[in-house]
Amino acid sequence: MTRTREHHFMLRFLFAPNYRIGRHVIFIMLWAVITFNQVFIAYRDSLSVLGNRIYLVCLISCMTCLMAMYFNYFYLAPKFLLKGKHTAYAIALCVIVLVLPTLSVWSEYGVRNMLNLPHRITSYTHPLIVVDNLSTSVVTAICFCGTSVMLFFGKWIKGNEEVSRMEREHVRSELNKLKGQIAPAFLSQTLRNASSLAASQPQNTSKMLMQLGQLLRYQLYDCHRDRILLKSEIQVLTVMFELERSNRPAFEHRIRTDGEVSNRFVSPMLFLSLVQCVIADSRSVELLFRLRDETLLFTCRTDHKEICDGDTLSSIRQRLELQYPDRHTLQLSEGTITLTID
């Protein structure tokens, strides 16, 4: 766990925008140490003569290298490397890494002449100078490529995050489409019955409309949540059964629970959608919610043997695959629907 946290912190530090200043400060400090060390080595025979002026030489050398590095980081890499212009980027990078060692040699020549210091290099036009510059250029090129790779990797991570975000948005959109709704036929039948009873049984009509409003509020608000309490889903099912009994007095229903359901969360309208598949053609419906450890067993039994396996059940299966992948089992038999969720 500690190693994972360290890995995540390192990734955030290298690529997160809020660590940008810290990254640049550390990079400048490390590059200053490297540059100052190179300058002190180049002028080690004249340190006593240079005195504090050696730090001015170090600062100029460091600033020159940093300007080249940041020119590569902010201009060359974004303009050429990240846009696929690899040949142009390679040519520009080769020019820079070859020019920097040459500038370093020329600056040393100018400083030693200006201050009448003895020359460390006997001949500045000797072919070995070119060879030495080439070896230095390779090291410089590795440093430049390292910063470019970091920039490239950072863009790759951002691209992956954007793809992941779009995938999550797509899944969320698909889930919202698949959450279903209360059957329009059930709503219209309830409204017709409430209208017919308005004059003779106003109290029953008021109760039906309040229960219907409760169902609609559940559909409009709770369905937009990722999870709701299982207890709330059971309460909504109870309201729907009572409304169905108001529409059909001969309708019978029973809801049983086995286990603690008050603090368990489920996907909204999942069981309601399953019940709606059978309630219209059934005279009696019995529901059982059984909780064992982390497993929920839902059983719906009806007196109607044929259970529709149309678009509604297809949507429910697709929704289960999105929300409970490899953690659910849906079985249909004569008059029985069994759903197991881990």
# chains A, B, ... in the order shown; residues from 1 in each chain; ligands from 1
$ residues_around --residues "Ser137 of chain A" --least-positions-apart "3" --cutoff "9 Å" --atoms "only C-alpha atoms" --output "list in words"
Cys94, Ile96, Val97, Leu98, Val99, Leu100, Pro101, Asp132, Asn133, Leu134, Thr140, Ala141 and Ile142 of chain A
$ write_last_selection --atoms "N, CA, C and O atoms" --output "PDB file, in the first residue's frame"
ATOM      1  N   CYS A  94      19.358  18.318 -32.884  1.00  0.00           N
ATOM      2  CA  CYS A  94      20.784  18.094 -33.186  1.00  0.00           C
ATOM      3  C   CYS A  94      21.539  19.418 -33.292  1.00  0.00           C
ATOM      4  O   CYS A  94      22.672  19.542 -32.821  1.00  0.00           O
ATOM      5  N   ILE A  96      20.810  22.222 -31.761  1.00  0.00           N
ATOM      6  CA  ILE A  96      20.959  22.822 -30.435  1.00  0.00           C
ATOM      7  C   ILE A  96      22.035  22.108 -29.622  1.00  0.00           C
ATOM      8  O   ILE A  96      22.914  22.748 -29.013  1.00  0.00           O
ATOM      9  N   VAL A  97      22.016  20.778 -29.610  1.00  0.00           N
ATOM     10  CA  VAL A  97      22.969  20.041 -28.772  1.00  0.00           C
ATOM     11  C   VAL A  97      24.388  20.122 -29.330  1.00  0.00           C
ATOM     12  O   VAL A  97      25.362  19.904 -28.588  1.00  0.00           O
ATOM     13  N   LEU A  98      24.531  20.433 -30.611  1.00  0.00           N
ATOM     14  CA  LEU A  98      25.870  20.645 -31.167  1.00  0.00           C
ATOM     15  C   LEU A  98      26.361  22.069 -30.923  1.00  0.00           C
ATOM     16  O   LEU A  98      27.562  22.307 -30.742  1.00  0.00           O
ATOM     17  N   VAL A  99      25.439  23.012 -30.903  1.00  0.00           N
ATOM     18  CA  VAL A  99      25.822  24.410 -30.704  1.00  0.00           C
ATOM     19  C   VAL A  99      26.217  24.673 -29.253  1.00  0.00           C
ATOM     20  O   VAL A  99      27.156  25.429 -28.973  1.00  0.00           O
ATOM     21  N   LEU A 100      25.520  24.044 -28.287  1.00  0.00           N
ATOM     22  CA  LEU A 100      25.782  24.322 -26.875  1.00  0.00           C
ATOM     23  C   LEU A 100      27.230  24.022 -26.454  1.00  0.00           C
ATOM     24  O   LEU A 100      27.876  24.872 -25.829  1.00  0.00           O
ATOM     25  N   PRO A 101      27.809  22.847 -26.766  1.00  0.00           N
ATOM     26  CA  PRO A 101      29.214  22.619 -26.397  1.00  0.00           C
ATOM     27  C   PRO A 101      30.168  23.574 -27.111  1.00  0.00           C
ATOM     28  O   PRO A 101      31.180  23.992 -26.533  1.00  0.00           O
ATOM     29  N   ASP A 132      35.456  15.833 -28.734  1.00  0.00           N
ATOM     30  CA  ASP A 132      35.020  16.097 -27.362  1.00  0.00           C
ATOM     31  C   ASP A 132      33.645  16.751 -27.331  1.00  0.00           C
ATOM     32  O   ASP A 132      32.799  16.423 -26.485  1.00  0.00           O
ATOM     33  N   ASN A 133      33.396  17.669 -28.265  1.00  0.00           N
ATOM     34  CA  ASN A 133      32.083  18.317 -28.347  1.00  0.00           C
ATOM     35  C   ASN A 133      30.988  17.318 -28.697  1.00  0.00           C
ATOM     36  O   ASN A 133      29.851  17.411 -28.211  1.00  0.00           O
ATOM     37  N   LEU A 134      31.313  16.347 -29.552  1.00  0.00           N
ATOM     38  CA  LEU A 134      30.324  15.329 -29.933  1.00  0.00           C
ATOM     39  C   LEU A 134      29.943  14.473 -28.733  1.00  0.00           C
ATOM     40  O   LEU A 134      28.766  14.146 -28.534  1.00  0.00           O
ATOM     41  N   THR A 140      24.162  15.881 -23.608  1.00  0.00           N
ATOM     42  CA  THR A 140      23.169  16.959 -23.651  1.00  0.00           C
ATOM     43  C   THR A 140      21.899  16.498 -24.354  1.00  0.00           C
ATOM     44  O   THR A 140      20.773  16.815 -23.929  1.00  0.00           O
ATOM     45  N   ALA A 141      22.070  15.737 -25.438  1.00  0.00           N
ATOM     46  CA  ALA A 141      20.899  15.230 -26.164  1.00  0.00           C
ATOM     47  C   ALA A 141      20.065  14.309 -25.291  1.00  0.00           C
ATOM     48  O   ALA A 141      18.823  14.326 -25.350  1.00  0.00           O
ATOM     49  N   ILE A 142      20.720  13.500 -24.445  1.00  0.00           N
ATOM     50  CA  ILE A 142      19.979  12.612 -23.538  1.00  0.00           C
ATOM     51  C   ILE A 142      19.145  13.439 -22.562  1.00  0.00           C
ATOM     52  O   ILE A 142      17.978  13.114 -22.277  1.00  0.00           O
TER      53      ILE A 142
END
$ atom_distance --atom1 "atom CA of Arg254 of chain A" --atom2 "atom CA of Gln331 of chain A"
20.6 Å
$ residues_around --residues "Tyr221 of chain A" --least-positions-apart "5" --cutoff "12 Å" --atoms "only C-alpha atoms" --output "list in words"
Asn176, Gln181, Gly213, Gln214, Leu215, Leu216, Asp226, Arg227, Ile228, Pro268 and Met269 of chain A
$ closest_atom_pairs --of "segment 202-227 of chain A" --to "segment 238-253 of chain A" --cutoff "8 Å" --atoms "only C-alpha atoms" --output "CSV"
residue,atom,partner,partner_atom,distance
A:Met208,CA,A:Leu243,CA,6.6
A:Gln211,CA,A:Val239,CA,6.3
A:Leu212,CA,A:Leu243,CA,7.7
A:Leu215,CA,A:Met240,CA,7.4
$ residues_around --residues "Leu274 of chain A" --least-positions-apart "5" --cutoff "9 Å" --atoms "only C-alpha atoms" --output "list in words"
Met269, Cys300, Thr312, Leu313, Ile316 and Ile337 of chain A
$ write_last_selection --atoms "N, CA and C atoms" --output "PDB file, in the first residue's frame"
ATOM      1  N   MET A 269     -34.407   1.608  -9.089  1.00  0.00           N
ATOM      2  CA  MET A 269     -35.398   1.089 -10.055  1.00  0.00           C
ATOM      3  C   MET A 269     -34.996  -0.234 -10.673  1.00  0.00           C
ATOM      4  N   CYS A 300     -38.833 -13.165  -7.309  1.00  0.00           N
ATOM      5  CA  CYS A 300     -40.172 -12.669  -7.644  1.00  0.00           C
ATOM      6  C   CYS A 300     -40.977 -13.839  -8.196  1.00  0.00           C
ATOM      7  N   THR A 312     -37.627  -4.914 -22.360  1.00  0.00           N
ATOM      8  CA  THR A 312     -37.428  -4.508 -20.969  1.00  0.00           C
ATOM      9  C   THR A 312     -36.385  -5.368 -20.279  1.00  0.00           C
ATOM     10  N   LEU A 313     -36.540  -6.686 -20.418  1.00  0.00           N
ATOM     11  CA  LEU A 313     -35.572  -7.582 -19.787  1.00  0.00           C
ATOM     12  C   LEU A 313     -34.199  -7.481 -20.444  1.00  0.00           C
ATOM     13  N   ILE A 316     -32.627  -4.593 -18.847  1.00  0.00           N
ATOM     14  CA  ILE A 316     -32.221  -4.916 -17.477  1.00  0.00           C
ATOM     15  C   ILE A 316     -30.936  -5.744 -17.482  1.00  0.00           C
ATOM     16  N   ILE A 337     -38.672 -15.086 -11.178  1.00  0.00           N
ATOM     17  CA  ILE A 337     -37.468 -14.351 -11.547  1.00  0.00           C
ATOM     18  C   ILE A 337     -36.520 -14.372 -10.347  1.00  0.00           C
TER      19      ILE A 337
END
$ closest_residue --among "A:Arg319, A:Arg192, A:Arg23, A:Lys155" --to "Ser273 of chain A" --atoms "only C-alpha atoms"
A:Arg319
$ atom_distance --atom1 "atom CA of His304 of chain A" --atom2 "atom CA of Ala185 of chain A"
18.7 Å
$ select_by_dssp --residues "segment 102-307 of chain A" --states "strand (DSSP E)" --output "VMD selection string"
chain A and resid 228 to 229 252 to 258 265 to 266 284 to 292 295 to 302
$ write_last_selection --atoms "N, CA and C atoms" --output "tab-separated table (two decimals), in the first residue's frame"
chain	number	residue	atom	x	y	z
A	228	ILE	N	-29.12	3.84	-4.07
A	228	ILE	CA	-30.12	4.24	-3.08
A	228	ILE	C	-30.24	3.11	-2.06
A	229	LEU	N	-30.86	3.39	-0.95
A	229	LEU	CA	-31.07	2.36	0.06
A	229	LEU	C	-32.05	1.31	-0.46
A	252	GLU	N	-53.27	-9.50	-5.42
A	252	GLU	CA	-52.67	-9.81	-4.13
A	252	GLU	C	-51.15	-9.69	-4.24
A	253	HIS	N	-50.55	-9.24	-3.15
A	253	HIS	CA	-49.10	-9.09	-3.15
A	253	HIS	C	-48.54	-9.35	-1.77
A	254	ARG	N	-47.26	-9.67	-1.75
A	254	ARG	CA	-46.57	-9.92	-0.49
A	254	ARG	C	-45.09	-9.63	-0.67
A	255	ILE	N	-44.52	-8.90	0.28
A	255	ILE	CA	-43.08	-8.58	0.25
A	255	ILE	C	-42.46	-9.09	1.55
A	256	ARG	N	-41.45	-9.94	1.42
A	256	ARG	CA	-40.76	-10.46	2.60
A	256	ARG	C	-39.28	-10.09	2.52
A	257	THR	N	-38.71	-9.86	3.68
A	257	THR	CA	-37.27	-9.57	3.77
A	257	THR	C	-36.63	-10.52	4.76
A	258	ASP	N	-35.44	-10.93	4.46
A	258	ASP	CA	-34.67	-11.82	5.33
A	258	ASP	C	-33.26	-11.25	5.44
A	265	PHE	N	-27.21	-0.66	0.00
A	265	PHE	CA	-27.46	0.19	-1.15
A	265	PHE	C	-27.54	-0.64	-2.42
A	266	VAL	N	-28.45	-0.25	-3.31
A	266	VAL	CA	-28.62	-0.93	-4.60
A	266	VAL	C	-28.82	0.12	-5.69
A	284	SER	N	-51.33	-12.28	-8.58
A	284	SER	CA	-50.63	-12.26	-7.28
A	284	SER	C	-49.13	-12.23	-7.54
A	285	VAL	N	-48.44	-11.48	-6.70
A	285	VAL	CA	-46.99	-11.35	-6.81
A	285	VAL	C	-46.40	-11.46	-5.40
A	286	GLU	N	-45.36	-12.25	-5.27
A	286	GLU	CA	-44.65	-12.40	-4.00
A	286	GLU	C	-43.17	-12.09	-4.22
A	287	LEU	N	-42.64	-11.19	-3.39
A	287	LEU	CA	-41.24	-10.79	-3.49
A	287	LEU	C	-40.49	-11.21	-2.23
A	288	LEU	N	-39.26	-11.66	-2.43
A	288	LEU	CA	-38.40	-12.03	-1.31
A	288	LEU	C	-37.03	-11.38	-1.50
A	289	PHE	N	-36.60	-10.63	-0.48
A	289	PHE	CA	-35.25	-10.05	-0.47
A	289	PHE	C	-34.47	-10.74	0.65
A	290	ARG	N	-33.45	-11.48	0.28
A	290	ARG	CA	-32.68	-12.22	1.28
A	290	ARG	C	-31.22	-11.76	1.23
A	291	LEU	N	-30.72	-11.30	2.38
A	291	LEU	CA	-29.34	-10.83	2.49
A	291	LEU	C	-28.51	-11.82	3.30
A	292	ARG	N	-27.40	-12.26	2.70
A	292	ARG	CA	-26.47	-13.14	3.38
A	292	ARG	C	-25.07	-12.60	3.16
A	295	THR	N	-24.10	-10.84	-0.17
A	295	THR	CA	-24.88	-11.35	-1.30
A	295	THR	C	-26.36	-11.05	-1.09
A	296	LEU	N	-26.99	-10.51	-2.12
A	296	LEU	CA	-28.42	-10.22	-2.10
A	296	LEU	C	-29.13	-11.15	-3.08
A	297	LEU	N	-30.11	-11.89	-2.58
A	297	LEU	CA	-30.92	-12.77	-3.41
A	297	LEU	C	-32.32	-12.19	-3.50
A	298	PHE	N	-32.75	-11.90	-4.72
A	298	PHE	CA	-34.09	-11.36	-4.97
A	298	PHE	C	-34.88	-12.40	-5.76
A	299	THR	N	-36.09	-12.72	-5.24
A	299	THR	CA	-36.95	-13.69	-5.90
A	299	THR	C	-38.33	-13.07	-6.09
A	300	CYS	N	-38.83	-13.16	-7.31
A	300	CYS	CA	-40.17	-12.67	-7.64
A	300	CYS	C	-40.98	-13.84	-8.20
A	301	ARG	N	-42.05	-14.20	-7.48
A	301	ARG	CA	-42.92	-15.30	-7.92
A	301	ARG	C	-44.30	-14.76	-8.25
A	302	THR	N	-44.85	-15.23	-9.36
A	302	THR	CA	-46.18	-14.80	-9.78
A	302	THR	C	-46.99	-16.02	-10.21
$ select_by_dssp --residues "segment 87-288 of chain A" --states "helix (DSSP H, G or I)" --output "ChimeraX atom specification"
/A:87-114,127-178,184-197,202-220,222-224,230-247,270-279
$ residues_around --residues "Cys145 of chain A" --least-positions-apart "3" --cutoff "10 Å" --atoms "only C-alpha atoms" --output "ChimeraX atom specification"
/A:69,72-73,77,90,93,139-142,148-151
$ closest_residue --among "A:Arg283, A:Ala199, A:Ile41, A:Leu103" --to "Cys65 of chain A" --atoms "only C-alpha atoms"
A:Leu103
$ residues_around --residues "Pro325 of chain A" --least-positions-apart "6" --cutoff "12 Å" --atoms "only C-alpha atoms" --output "VMD selection string"
chain A and resid 317 to 319 341 to 342
$ residues_around --residues "Ser333 of chain A" --least-positions-apart "5" --cutoff "10 Å" --atoms "only C-alpha atoms" --output "compact mmCIF listing (two decimals) with all heavy atoms, in the first residue's frame"
# COMPACT_ATOMS: atom_id res chain seq x y z
N ARG A 301 -42.05 -14.20 -7.48
CA ARG A 301 -42.92 -15.30 -7.92
C ARG A 301 -44.30 -14.76 -8.25
O ARG A 301 -44.84 -13.93 -7.51
CB ARG A 301 -43.03 -16.37 -6.82
CG ARG A 301 -41.73 -17.10 -6.53
CD ARG A 301 -41.97 -18.26 -5.57
NE ARG A 301 -40.75 -18.98 -5.31
CZ ARG A 301 -39.92 -18.70 -4.30
NH1 ARG A 301 -40.19 -17.69 -3.49
NH2 ARG A 301 -38.83 -19.42 -4.13
N LYS A 305 -47.33 -17.81 -15.58
CA LYS A 305 -46.19 -18.66 -15.89
C LYS A 305 -45.25 -18.05 -16.92
O LYS A 305 -44.04 -18.26 -16.87
CB LYS A 305 -46.68 -20.03 -16.40
CG LYS A 305 -47.54 -20.78 -15.38
CD LYS A 305 -46.80 -20.99 -14.08
CE LYS A 305 -47.64 -21.75 -13.07
NZ LYS A 305 -46.96 -21.91 -11.76
N GLU A 306 -45.79 -17.30 -17.87
CA GLU A 306 -44.96 -16.74 -18.93
C GLU A 306 -44.42 -15.38 -18.50
O GLU A 306 -45.19 -14.47 -18.20
CB GLU A 306 -45.75 -16.62 -20.23
CG GLU A 306 -46.19 -17.95 -20.81
CD GLU A 306 -46.91 -17.77 -22.14
OE1 GLU A 306 -46.98 -16.60 -22.61
OE2 GLU A 306 -47.39 -18.77 -22.68
N ILE A 307 -43.10 -15.26 -18.47
CA ILE A 307 -42.44 -14.00 -18.13
C ILE A 307 -41.87 -13.41 -19.41
O ILE A 307 -41.13 -14.07 -20.14
CB ILE A 307 -41.32 -14.23 -17.11
CG1 ILE A 307 -41.91 -14.80 -15.82
CG2 ILE A 307 -40.57 -12.94 -16.81
CD1 ILE A 307 -40.89 -15.16 -14.79
N THR A 338 -35.31 -14.81 -10.56
CA THR A 338 -34.31 -14.88 -9.48
C THR A 338 -33.09 -14.05 -9.88
O THR A 338 -32.51 -14.28 -10.93
CB THR A 338 -33.90 -16.33 -9.20
OG1 THR A 338 -35.05 -17.10 -8.90
CG2 THR A 338 -32.92 -16.39 -8.03
